[in-house]
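A.B. asks: Handing over data.txt, compact mmCIF, C-alpha atoms.
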```txt
# COMPACT_ATOMS: atom_id res chain seq x y z
CA LEU A 865 147.78 123.93 121.47
CA GLU A 866 145.14 122.43 123.76
CA ARG A 867 144.51 119.58 121.32
CA VAL A 868 148.23 118.97 120.75
CA VAL A 869 148.87 118.74 124.49
CA LYS A 870 145.91 116.40 125.00
CA LEU A 871 147.04 114.12 122.16
CA GLU A 872 150.61 114.01 123.45
CA LEU A 873 149.51 113.31 127.03
CA THR A 874 147.17 110.58 125.84
CA ASP A 875 149.93 108.99 123.76
CA ILE A 876 152.38 109.04 126.65
CA LEU A 877 150.26 108.56 129.77
CA ARG A 878 147.74 106.09 128.35
CA GLU A 879 149.40 104.35 125.44
CA LYS A 880 153.05 104.19 126.50
CA LEU A 881 152.89 104.19 130.30
CA GLY A 882 149.39 102.90 131.03
CA LYS A 883 149.00 105.40 133.89
CA ALA A 884 145.85 107.34 132.99
CA TYR A 885 142.99 106.56 130.65
CA SER A 886 141.85 110.07 129.83
CA PRO A 887 144.23 112.92 130.64
CA SER A 888 142.78 116.30 129.80
CA ALA A 889 144.06 119.64 128.64
CA SER A 890 141.92 122.75 128.41
CA HIS A 891 142.22 126.49 128.07
CA ASN A 892 140.03 129.35 129.12
CA ALA A 893 140.87 132.76 127.71
CA SER A 894 139.21 135.68 129.45
CA ARG A 895 136.94 137.84 127.33
CA ASP A 896 137.12 140.54 130.00
CA TRP A 897 140.83 140.82 130.83
CA THR A 898 143.18 141.04 127.88
CA GLY A 899 146.08 138.65 128.18
CA TYR A 900 144.54 136.64 131.02
CA GLY A 901 143.47 133.05 130.91
CA THR A 902 144.30 129.58 132.11
CA PHE A 903 145.68 126.43 130.56
CA THR A 904 144.90 123.36 132.60
CA ILE A 905 146.21 119.81 132.51
CA ALA A 906 144.33 117.30 134.65
CA VAL A 907 145.07 113.63 135.20
CA SER A 908 143.59 111.08 137.59
CA VAL A 909 146.02 108.38 138.67
CA GLU A 910 146.55 106.09 141.62
CA THR A 911 148.47 107.75 144.45
CA GLY A 912 151.50 105.54 143.86
CA GLU A 913 151.71 106.82 140.29
CA VAL A 914 151.71 110.56 141.04
CA GLU A 915 155.46 111.19 140.84
CA ALA A 916 155.96 109.18 137.65
CA THR A 917 152.95 110.90 136.09
CA GLN A 918 154.23 114.36 137.05
CA ALA A 919 157.58 113.50 135.47
CA ALA A 920 155.90 112.30 132.27
CA ILE A 921 153.82 115.48 132.06
CA ALA A 922 156.91 117.64 132.60
CA GLN A 923 158.80 115.71 129.93
CA THR A 924 155.87 116.10 127.52
CA ILE A 925 155.69 119.86 128.06
CA ASP A 926 159.49 120.18 127.78
CA SER A 927 159.41 118.42 124.41
CA LEU A 928 156.67 120.78 123.18
CA LEU A 929 158.78 123.74 124.29
CA ALA A 930 161.97 122.44 122.65
CA ARG A 931 160.99 122.15 118.98
CA PRO A 932 158.10 122.61 116.57
CA VAL A 933 155.49 119.86 116.71
CA ASP A 934 155.49 117.19 114.06
CA PRO A 935 153.23 118.16 111.14
CA ASP A 936 151.33 114.87 111.54
CA LEU A 937 150.57 115.69 115.18
CA LEU A 938 149.38 119.15 114.16
CA LEU A 939 147.10 117.58 111.54
CA ARG A 940 145.69 115.12 114.12
CA ALA A 941 145.02 118.03 116.47
CA ARG A 942 143.55 120.33 113.83
CA GLN A 943 141.31 117.93 111.89
CA PRO A 944 138.56 117.37 114.50
CA ILE A 945 138.23 121.12 115.00
CA ILE A 946 137.94 121.69 111.25
CA GLU A 947 135.26 119.00 111.11
CA ARG A 948 133.36 120.81 113.89
CA TYR A 949 133.45 123.99 111.78
CA ASP A 950 132.16 122.01 108.79
CA ASN A 951 129.28 120.57 110.83
CA ALA A 952 128.49 123.54 113.08
CA LEU A 953 125.67 125.02 111.03
CA LYS A 954 124.02 121.76 109.97
CA THR A 955 121.66 121.90 112.95
CA ASN A 956 119.45 124.48 114.59
CA GLY A 957 121.52 124.07 117.75
CA GLY A 958 124.62 125.16 115.85
CA TRP A 959 122.90 128.25 114.49
CA MET A 960 121.49 129.09 117.92
CA ALA A 961 124.89 128.72 119.58
CA LEU A 962 126.38 131.12 117.06
CA ALA A 963 123.54 133.62 117.15
CA ALA A 964 122.83 133.55 120.90
CA ARG A 965 125.15 136.41 121.85
CA THR A 966 125.90 138.12 118.57
CA GLN A 967 124.29 141.38 119.63
CA SER A 968 126.43 141.68 122.76
CA GLU A 969 129.49 139.96 121.22
CA PRO A 970 129.41 140.73 117.47
CA ASP A 971 132.99 139.50 117.03
CA ARG A 972 131.69 135.93 117.43
CA ILE A 973 130.39 135.95 113.83
CA GLU A 974 133.70 137.18 112.41
CA ARG A 975 135.60 134.65 114.53
CA PHE A 976 133.39 131.83 113.26
CA VAL A 977 133.55 132.92 109.60
CA ASN A 978 137.35 133.19 109.67
CA GLY A 979 138.06 130.49 112.24
CA LYS A 980 138.56 127.57 109.89
CA SER A 981 141.04 129.41 107.66
CA ARG A 982 142.91 130.78 110.69
CA LEU A 983 143.13 127.29 112.15
CA ALA A 984 144.37 125.85 108.85
CA ALA A 985 147.08 128.53 108.66
CA ILE A 986 148.70 127.70 112.02
CA THR A 987 152.25 126.42 111.50
CA PRO A 988 154.33 124.18 113.76
CA GLN A 989 156.62 127.16 114.43
CA GLU A 990 153.69 129.36 115.52
CA LEU A 991 152.50 126.58 117.79
CA LEU A 992 155.98 126.35 119.32
CA GLU A 993 155.97 130.10 120.00
CA THR A 994 152.50 129.83 121.55
CA ALA A 995 153.61 126.93 123.74
CA ARG A 996 156.62 128.91 124.92
CA GLN A 997 154.37 131.83 125.80
CA TYR A 998 151.65 129.91 127.63
CA LEU A 999 153.28 126.70 128.89
CA ALA A 1000 156.38 128.16 130.52
CA ARG A 1001 156.96 125.88 133.50
CA GLU A 1002 158.26 128.69 135.71
CA LYS A 1003 154.81 130.30 135.51
CA ALA A 1004 152.89 127.09 136.25
CA VAL A 1005 150.85 126.50 139.37
CA GLU A 1006 150.60 122.85 140.34
CA LEU A 1007 147.75 121.50 142.46
CA LEU A 1008 147.54 117.99 143.82
CA SER A 1009 144.40 116.53 145.29
CA LEU A 1010 145.31 113.44 147.28
CA PRO A 1011 143.18 111.32 149.62
CA GLN A 1012 143.77 111.30 153.35
CA PRO A 1013 145.10 108.00 154.73
```
Would you put the structure from the file into structure tokens?

C.D. replies:
Amino acid sequence: LERVVKLELTDILREKLGKAYSPSASHNASRDWTGYGTFTIAVSVETGEVEATQAAIAQTIDSLLARPVDPDLLLRARQPIIERYDNALKTNGGWMALAARTQSEPDRIERFVNGKSRLAAITPQELLETARQYLAREKAVELLSLPQP
């Protein structure tokens, strides 16, 4: 979902509207509190572009909540992650990142081993349901950081 949102925001905010070069989307699921986490969208724009950018973001999220994502968009979102799985253990750094906390977090090995197949199995409908669960606009908190005149 993070990658889909980032791709959509980039297509709209950068390519179509020319408002932001690198919008970002990120998630942070808590390992300590079940069901808690954050999903963040961040965009840097000129102050005169804030309202139009907010509207474009809202429209983007609304479209993701309205219908399943296009299979091509899902492929574009999924492919770089699959490539990271394919390349993860080709370096010592990859092995060390995987092994670093396996004693305290043994589920990391299972998640890595099954991650690629789980990722490949995600359907547009499942992504829609996930978006509706985590991107509900009535639960969103919006923060603006604007310069003082």

A.B. asks: Choose the residue, out of A:Leu928, A:Leu873, A:Asn892, A:Gln923, that has the smallest atom-to-atom separation from Leu991 of chain A; count all atoms listed in the file.

C.D. replies: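 Selected residue with least distance to Leu991 of chain A: A:Leu928.
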
A.B. asks: Would you mind reading off the distance between atom CA of Ala906 of chain A and atom CA of Lys870 of chain A, one decimal, in Å?

C.D. replies: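 Value for the atom CA of Ala906 of chain A-atom CA of Lys870 of chain A distance: 9.8 Å.
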
A.B. asks: Write out as a list in words the residues lying within 10 Å of Leu881 of chain A, counting all atoms listed in the file and excluding same-chain residues fewer than 3 positions away.

C.D. replies: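 Using all atoms listed in the file, the neighbours found are Thr874, Asp875, Ile876, Leu877, Arg878, Ala884, Ala916, Thr917 and Ala920 of chain A.
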
A.B. asks: If we count all atoms listed in the file and set the cut-off at 12 Å, which residues sit around Glu1002 of chain A, ignoring sequence neighbours fewer than 5 positions away in its own chain? Please answer as a ChimeraX atom specification.

C.D. replies: /A:922,925-926,996-997

A.B. asks: Just give me the gap between atom CA of Pro1011 of chain A and atom CA of Lys883 of chain A in Å, one decimal is fine.

C.D. replies: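 Taking atom CA of Pro1011 of chain A and atom CA of Lys883 of chain A, their separation equals 17.8 Å.
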
A.B. asks: Neighbours of Ser890 of chain A within 10 Å (all atoms listed in the file; same-chain residues fewer than 3 positions away dropped), as a compact mmCIF listing (two decimals) with C-alpha atoms, in the coordinates of the input?

C.D. replies:
```
# COMPACT_ATOMS: atom_id res chain seq x y z
CA LEU A 865 147.78 123.93 121.47
CA GLU A 866 145.14 122.43 123.76
CA ARG A 867 144.51 119.58 121.32
CA VAL A 869 148.87 118.74 124.49
CA LYS A 870 145.91 116.40 125.00
CA THR A 902 144.30 129.58 132.11
CA PHE A 903 145.68 126.43 130.56
CA THR A 904 144.90 123.36 132.60
CA ILE A 905 146.21 119.81 132.51
CA ALA A 906 144.33 117.30 134.65
```
